[in-house]
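Just coords_24.tsv here, TSV, C-alpha atoms and all ligand atoms:
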```
chain	number	residue	atom	x	y	z
A	1431	MET	CA	116.43	74.37	-14.87
A	1432	GLN	CA	116.33	74.64	-11.07
A	1433	LYS	CA	116.10	70.89	-10.72
A	1434	LEU	CA	118.94	70.24	-13.17
A	1435	SER	CA	121.08	72.88	-11.42
A	1436	ARG	CA	120.52	71.37	-7.98
A	1437	ARG	CA	121.30	67.89	-9.29
A	1438	LEU	CA	124.56	69.02	-10.93
A	1439	LEU	CA	125.62	70.92	-7.81
A	1440	ARG	CA	125.57	67.75	-5.74
A	1441	ARG	CA	128.86	66.79	-7.39
A	1442	ARG	CA	132.13	68.54	-8.08
A	1443	LEU	CA	130.99	70.51	-11.11
A	1444	LEU	CA	132.71	71.92	-14.18
A	1445	VAL	CA	130.63	74.39	-16.20
A	1446	ALA	CA	131.90	74.80	-19.76
A	1447	LEU	CA	130.35	77.24	-22.21
A	1448	ASP	CA	130.70	78.16	-25.84
A	1449	TYR	CA	130.84	81.91	-26.50
A	1450	ASP	CA	129.01	83.11	-29.67
A	1451	GLY	CA	125.34	82.24	-29.70
A	1452	THR	CA	125.65	80.84	-26.18
A	1453	LEU	CA	127.11	83.29	-23.65
A	1454	ALA	CA	126.81	86.22	-26.06
A	1455	PRO	CA	124.29	86.75	-28.89
A	1456	GLN	CA	125.25	85.38	-32.30
A	1457	PRO	CA	127.07	88.03	-34.37
A	1458	ARG	CA	125.01	89.18	-37.35
A	1459	ARG	CA	126.04	91.00	-40.51
A	1460	GLY	CA	128.18	93.90	-39.44
A	1461	ASN	CA	127.55	93.76	-35.69
A	1462	ASP	CA	129.66	92.05	-33.12
A	1463	PRO	CA	127.78	91.84	-29.83
A	1464	LYS	CA	129.61	92.09	-26.54
A	1465	LEU	CA	129.14	89.76	-23.60
A	1466	PRO	CA	125.86	90.92	-22.01
A	1467	GLU	CA	126.43	92.53	-18.62
A	1468	ARG	CA	123.99	90.20	-16.86
A	1469	ALA	CA	125.67	87.07	-18.29
A	1470	LYS	CA	129.03	88.43	-17.19
A	1471	ARG	CA	127.86	89.15	-13.63
A	1472	LEU	CA	126.26	85.71	-13.28
A	1473	LEU	CA	129.33	83.93	-14.62
A	1474	ALA	CA	131.53	85.85	-12.17
A	1475	ARG	CA	129.28	84.76	-9.26
A	1476	LEU	CA	129.16	81.15	-10.47
A	1477	ALA	CA	132.95	80.98	-10.82
A	1478	ARG	CA	133.29	81.63	-7.08
A	1479	HIS	CA	131.66	78.26	-6.40
A	1480	VAL	CA	132.33	75.90	-9.31
A	1481	HIS	CA	134.94	75.47	-12.05
A	1482	CYS	CA	134.00	77.59	-15.06
A	1483	VAL	CA	135.59	77.60	-18.52
A	1484	VAL	CA	134.77	79.10	-21.93
A	1485	ILE	CA	135.68	77.25	-25.14
A	1486	SER	CA	135.17	78.94	-28.49
A	1487	GLY	CA	136.16	78.94	-32.14
A	1488	ARG	CA	137.59	82.44	-31.72
A	1489	ALA	CA	141.31	82.95	-31.25
A	1490	PHE	CA	142.49	82.79	-27.63
A	1491	ILE	CA	143.55	86.46	-27.48
A	1492	ASP	CA	140.23	87.65	-28.88
A	1493	LEU	CA	138.27	85.50	-26.43
A	1494	LYS	CA	140.42	86.48	-23.46
A	1495	ARG	CA	139.78	90.16	-24.19
A	1496	ARG	CA	136.02	89.60	-24.37
A	1497	LEU	CA	136.06	87.83	-21.02
A	1498	SER	CA	138.42	90.26	-19.29
A	1499	GLY	CA	137.67	90.83	-15.62
A	1500	LEU	CA	136.35	87.30	-15.14
A	1501	GLU	CA	138.27	84.78	-13.09
A	1502	LEU	CA	137.74	81.55	-14.98
A	1503	ASP	CA	139.59	78.24	-14.67
A	1504	ALA	CA	140.42	78.32	-18.37
A	1505	VAL	CA	139.72	80.08	-21.65
A	1506	VAL	CA	140.30	77.97	-24.78
A	1507	GLY	CA	140.09	79.27	-28.33
A	1508	ASN	CA	140.34	77.91	-31.88
A	1509	HIS	CA	137.77	75.14	-31.35
A	1510	GLY	CA	139.66	73.56	-28.45
A	1511	CYS	CA	143.35	73.76	-29.41
A	1512	ASP	CA	144.37	77.30	-28.40
A	1513	ASP	CA	145.19	77.88	-24.73
A	1514	GLY	CA	147.48	80.82	-25.42
A	1515	GLN	CA	150.67	78.76	-25.92
A	1516	VAL	CA	152.53	79.34	-29.18
A	1517	ARG	CA	152.38	76.34	-31.53
A	1518	TRP	CA	154.83	77.06	-34.31
A	1519	ARG	CA	154.24	73.99	-36.44
A	1520	LEU	CA	150.52	74.42	-36.51
A	1521	MET	CA	150.93	78.13	-37.22
A	1522	ARG	CA	153.12	77.40	-40.26
A	1523	GLN	CA	150.71	74.75	-41.48
A	1524	VAL	CA	147.75	77.12	-41.23
A	1525	ALA	CA	149.70	79.87	-43.05
A	1526	GLY	CA	150.21	77.41	-45.93
A	1527	TRP	CA	146.51	76.62	-46.09
A	1528	LYS	CA	145.70	80.31	-46.11
A	1529	ALA	CA	147.95	80.90	-49.14
A	1530	THR	CA	146.14	78.13	-51.02
A	1531	LEU	CA	142.65	79.24	-50.05
A	1532	LEU	CA	142.96	82.99	-50.57
A	1533	PRO	CA	142.54	82.93	-54.39
A	1534	VAL	CA	139.41	80.79	-53.99
A	1535	VAL	CA	138.02	83.13	-51.33
A	1536	ARG	CA	138.76	86.18	-53.51
A	1537	SER	CA	136.99	84.58	-56.47
A	1538	GLN	CA	133.74	84.50	-54.44
A	1539	PRO	CA	132.17	87.97	-54.05
A	1540	GLY	CA	131.52	88.99	-50.44
A	1541	VAL	CA	133.38	86.06	-48.87
A	1542	ARG	CA	136.00	86.84	-46.22
A	1543	LEU	CA	138.78	84.80	-44.69
A	1544	GLU	CA	139.52	85.19	-41.00
A	1545	ASP	CA	143.00	84.06	-39.99
A	1546	LYS	CA	142.93	82.90	-36.36
A	1547	ARG	CA	146.50	81.63	-36.46
A	1548	TYR	CA	145.68	78.01	-35.54
A	1549	SER	CA	142.61	77.70	-37.73
A	1550	LEU	CA	140.87	79.59	-40.52
A	1551	SER	CA	137.27	80.70	-40.77
A	1552	ILE	CA	135.81	81.44	-44.15
A	1553	LEU	CA	132.89	83.75	-43.50
A	1554	LEU	CA	129.88	83.49	-45.76
A	1555	SER	CA	127.52	85.91	-44.01
A	1556	THR	CA	128.16	88.65	-46.57
A	1557	ALA	CA	128.61	86.32	-49.57
A	1558	ARG	CA	126.66	87.23	-52.70
A	1559	HIS	CA	126.10	83.52	-53.47
A	1560	PRO	CA	126.44	81.72	-50.11
A	1561	ALA	CA	125.66	78.18	-51.31
A	1562	ARG	CA	127.95	78.39	-54.32
A	1563	ALA	CA	130.72	79.96	-52.21
A	1564	ARG	CA	130.42	77.23	-49.58
A	1565	ARG	CA	130.79	74.52	-52.22
A	1566	ALA	CA	133.86	76.19	-53.77
A	1567	VAL	CA	135.55	76.72	-50.40
A	1568	GLU	CA	134.79	73.21	-49.18
A	1569	ARG	CA	136.10	71.69	-52.39
A	1570	ALA	CA	139.38	73.62	-52.11
A	1571	ALA	CA	139.75	72.98	-48.36
A	1572	ALA	CA	139.25	69.23	-48.84
A	1573	GLN	CA	142.53	69.18	-50.81
A	1574	LEU	CA	144.58	70.73	-47.99
A	1575	GLU	CA	147.12	68.46	-46.37
A	1576	GLY	CA	146.40	67.71	-42.71
A	1577	ALA	CA	143.25	69.81	-42.58
A	1578	ALA	CA	139.77	68.95	-41.41
A	1579	ILE	CA	136.77	71.08	-42.28
A	1580	PHE	CA	133.47	71.55	-40.58
A	1581	GLY	CA	130.63	73.90	-41.29
A	1582	GLY	CA	128.76	76.21	-39.00
A	1583	ARG	CA	126.30	79.03	-39.26
A	1584	GLN	CA	127.45	80.95	-42.36
A	1585	VAL	CA	131.01	79.76	-41.95
A	1586	VAL	CA	133.41	77.05	-43.08
A	1587	ASN	CA	136.03	76.22	-40.46
A	1588	VAL	CA	139.40	74.82	-41.48
A	1589	VAL	CA	141.22	73.20	-38.56
A	1590	SER	CA	144.07	70.74	-38.11
A	1591	ALA	CA	142.90	67.14	-38.32
A	1592	ARG	CA	145.26	66.35	-35.44
A	1593	ALA	CA	144.61	69.30	-33.14
A	1594	PRO	CA	142.37	68.80	-30.09
A	1595	HIS	CA	138.69	69.65	-30.65
A	1596	LYS	CA	136.24	71.06	-28.13
A	1597	GLY	CA	135.42	67.60	-26.78
A	1598	ASP	CA	139.11	66.93	-26.12
A	1599	ALA	CA	139.40	70.29	-24.36
A	1600	VAL	CA	136.45	69.57	-22.05
A	1601	SER	CA	137.81	66.08	-21.22
A	1602	ARG	CA	141.21	67.53	-20.38
A	1603	LEU	CA	139.74	70.34	-18.25
A	1604	ARG	CA	137.52	67.93	-16.39
A	1605	TRP	CA	140.62	65.88	-15.55
A	1606	ARG	CA	142.60	68.99	-14.58
A	1607	THR	CA	139.90	70.39	-12.31
A	1608	LYS	CA	139.09	66.93	-10.89
A	1609	ALA	CA	135.42	67.58	-11.57
A	1610	THR	CA	133.17	64.53	-11.29
A	1611	THR	CA	130.46	65.98	-13.50
A	1612	ALA	CA	130.33	68.61	-16.23
A	1613	LEU	CA	127.74	70.78	-17.91
A	1614	TYR	CA	128.37	71.99	-21.46
A	1615	VAL	CA	126.29	74.59	-23.28
A	1616	GLY	CA	126.76	75.30	-26.99
A	1617	ASP	CA	124.82	76.13	-30.13
A	1618	ASP	CA	126.70	75.00	-33.22
A	1619	VAL	CA	128.17	72.07	-35.15
A	1620	GLY	CA	131.57	72.14	-33.38
A	1621	ASP	CA	129.83	71.74	-30.03
A	1622	GLU	CA	128.60	68.27	-30.98
A	1623	ASP	CA	132.09	66.86	-30.22
A	1624	VAL	CA	131.39	67.82	-26.61
A	1625	PHE	CA	127.77	66.69	-26.53
A	1626	ARG	CA	128.84	63.21	-27.68
A	1627	LEU	CA	130.75	62.83	-24.38
A	1628	GLY	CA	127.31	62.55	-22.79
A	1629	LYS	CA	127.50	58.82	-23.57
A	1630	GLN	CA	130.28	58.49	-21.00
A	1631	GLY	CA	127.90	59.49	-18.23
A	1632	TRP	CA	129.75	62.44	-16.66
A	1633	LEU	CA	128.68	65.16	-19.10
A	1634	THR	CA	125.31	66.85	-19.47
A	1635	GLY	CA	124.88	68.69	-22.77
A	1636	VAL	CA	122.57	71.63	-23.38
A	1637	LYS	CA	122.05	72.72	-26.98
A	1638	VAL	CA	120.97	76.29	-27.67
A	1639	GLY	CA	118.32	76.58	-30.39
A	1640	ARG	CA	115.73	74.25	-31.82
A	1641	GLY	CA	117.20	73.51	-35.23
A	1642	GLY	CA	119.19	70.49	-36.35
A	1643	ARG	CA	120.02	67.17	-34.81
A	1644	SER	CA	122.05	67.14	-31.65
A	1645	ALA	CA	123.63	64.64	-29.28
A	1646	ALA	CA	122.86	67.01	-26.37
A	1647	ARG	CA	120.49	65.73	-23.71
A	1648	TYR	CA	118.70	69.05	-23.19
A	1649	ARG	CA	117.79	72.08	-25.25
A	1650	VAL	CA	117.08	75.70	-24.51
A	1651	ARG	CA	115.34	77.90	-27.06
A	1652	SER	CA	117.71	80.84	-27.25
A	1653	GLN	CA	120.85	82.56	-26.01
A	1654	ARG	CA	118.70	84.49	-23.53
A	1655	GLN	CA	117.70	81.24	-21.93
A	1656	VAL	CA	121.36	80.46	-21.32
A	1657	VAL	CA	121.36	83.49	-19.04
A	1658	THR	CA	118.33	82.04	-17.23
A	1659	LEU	CA	120.20	78.73	-16.85
A	1660	LEU	CA	123.22	80.60	-15.44
A	1661	ALA	CA	120.92	82.34	-12.94
A	1662	ALA	CA	119.52	78.95	-11.82
A	1663	LEU	CA	123.06	77.57	-11.40
A	1664	VAL	CA	124.12	80.63	-9.37
A	1665	GLU	CA	121.07	80.29	-7.14
A	1666	ALA	CA	121.74	76.58	-6.54
A	1667	ALA	CA	125.48	77.17	-5.92
A	1668	GLU	CA	124.89	80.03	-3.48
A	1669	ALA	CA	122.17	78.08	-1.64
A	1670	LYS	CA	124.57	75.15	-1.30
A	1671	ALA	CA	127.30	77.44	0.06
A	1672	ARG	CA	124.94	78.82	2.71
A	1673	ARG	CA	124.12	75.37	4.05
A	1701	MG	MG	128.57	79.18	-30.86
```

Just give me the structure as C-alpha cells.
Ligand SMILES: [Mg+2]
Amino acid sequence: MQKLSRRLLRRRLLVALDYDGTLAPQPRRGNDPKLPERAKRLLARLARHVHCVVISGRAFIDLKRRLSGLELDAVVGNHGCDDGQVRWRLMRQVAGWKATLLPVVRSQPGVRLEDKRYSLSILLSTARHPARARRAVERAAAQLEGAAIFGGRQVVNVVSARAPHKGDAVSRLRWRTKATTALYVGDDVGDEDVFRLGKQGWLTGVKVGRGGRSAARYRVRSQRQVVTLLAALVEAAEAKARR
C-alpha cells in the first residue's frame, strides 16, 4: 500500500471512494453504521493535499449528512447521477416506476422499497424468501420504461438507463479537477463501471472483499483495510508536502 500510495502521489491525484462497505462498514439487518471516526479524520487530512470525492448509491442529501464536516471536492449520490441539483424529469419518471413496483414489493413478505428520488432500491435483507423476491422484483423492473436494473448485496437497484453511472461521474470529476491519475475504491456491482476505466490507463481500481469477479487491478480484504490504505495515502501525501 505504501508503494502504491507513493506512486499515485507522483501525479495530480483524484481519490474517489464508495461509501457503504468501503469508507463505512456495510449496513446489516437493522443497523446503519456511521462513518468511523478514524476514516473521517484520515479523509479530512488527505483532502488537504489531493482531490477527494465520495460517490455512492445513497441519495445526495443522505450522503452529504453522513460526510458533514469534511471538505471534499464533490459528493455524488444515486449511483453517479445525483449532485444535489433538482432533476424534475427523472424525478417524475422514478415516481412512475415506484407506483408500478409497489404492489410487487408488497406481495413479497419482508421486502422494502427505498425511494431515493432519482433511483429506487428494493431491499431484500429482511425478505422472507430473498431469492424468490429478487426474481419477482427483477421481472417487474425489467418491464419499466427507461429503467436499467442492477443487483447488489441484498438489493435490486432501479436506475435510469440514461442517467450517468459511477464511471461517468469519476470521468467527469477527473476532468473537472484536472487530475492526471485517479484511485477508486469500491466493494459492489455498481463500482465495476468505475473499475472498467482502468483500461484507459489513468485509473487504478481497488476492490474491497474477496468475492466475485472484478475489473479492479487490486483488492483489499475488508472495509478496515480501506482505512489502512487511507493512512498510507495520508502518509505519502504529507511526506510529499514536507519535501
Ligand atoms: Mg458499497

- Message: as a ChimeraX atom specification, please: every protein or nucleic acid residue near ligand MG 1701 (chain A) (cut-off 9 Å, counting all atoms listed in the file).
- Response: /A:1448-1456,1486-1487,1582-1583,1616-1621,1638

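Closest approach to Val1585 in chain A among A:Ala1645, A:Ile1491, A:Ala1612, A:Leu1554: A:Leu1554, based on all atoms listed in the file.
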
Could you pull out every residue with an atom within 12 Å of (140.7, 66.6, -30.0), file coordinates, counting all atoms listed in the file, and send them as a compact mmCIF listing (two decimals) with C-alpha atoms, in the coordinates of the input?
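File written: out_37.txt
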```
# COMPACT_ATOMS: atom_id res chain seq x y z
CA ASN A 1508 140.34 77.91 -31.88
CA HIS A 1509 137.77 75.14 -31.35
CA GLY A 1510 139.66 73.56 -28.45
CA CYS A 1511 143.35 73.76 -29.41
CA ASP A 1512 144.37 77.30 -28.40
CA ALA A 1578 139.77 68.95 -41.41
CA VAL A 1589 141.22 73.20 -38.56
CA SER A 1590 144.07 70.74 -38.11
CA ALA A 1591 142.90 67.14 -38.32
CA ARG A 1592 145.26 66.35 -35.44
CA ALA A 1593 144.61 69.30 -33.14
CA PRO A 1594 142.37 68.80 -30.09
CA HIS A 1595 138.69 69.65 -30.65
CA LYS A 1596 136.24 71.06 -28.13
CA GLY A 1597 135.42 67.60 -26.78
CA ASP A 1598 139.11 66.93 -26.12
CA ALA A 1599 139.40 70.29 -24.36
CA VAL A 1600 136.45 69.57 -22.05
CA SER A 1601 137.81 66.08 -21.22
CA ARG A 1602 141.21 67.53 -20.38
CA GLY A 1620 131.57 72.14 -33.38
CA ASP A 1623 132.09 66.86 -30.22
CA VAL A 1624 131.39 67.82 -26.61
```

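Residues surrounding Ala1577 in chain A within 12 Å are Leu1520, Gln1523, Val1524, Ala1525, Gly1526, Trp1527, Lys1528, Tyr1548, Ser1549, Leu1550, Glu1568, Ala1570, Ala1571, Ala1572, Gln1573, Leu1574, Phe1580, Asn1587, Val1588, Val1589, Ser1590, Ala1591, Arg1592 and Ala1593 of chain A [all atoms listed in the file; sequence separation below 3 positions excluded].
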
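Shortest separation to Val1615 in chain A among A:Leu1633, A:Ala1489, A:Ala1669, A:Val1567 occurs at residue A:Leu1633, atoms counted being all atoms listed in the file.
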
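CA of Ser1435 in chain A is found 19.5 Å from CA of Gly1639 in chain A.
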
- Message: Here is a test: counting all atoms listed in the file, which residue of A:Leu1553, A:Leu1603, A:Val1484, A:Ala1667 is nearest to Arg1458 in chain A?
- Response: A:Leu1553
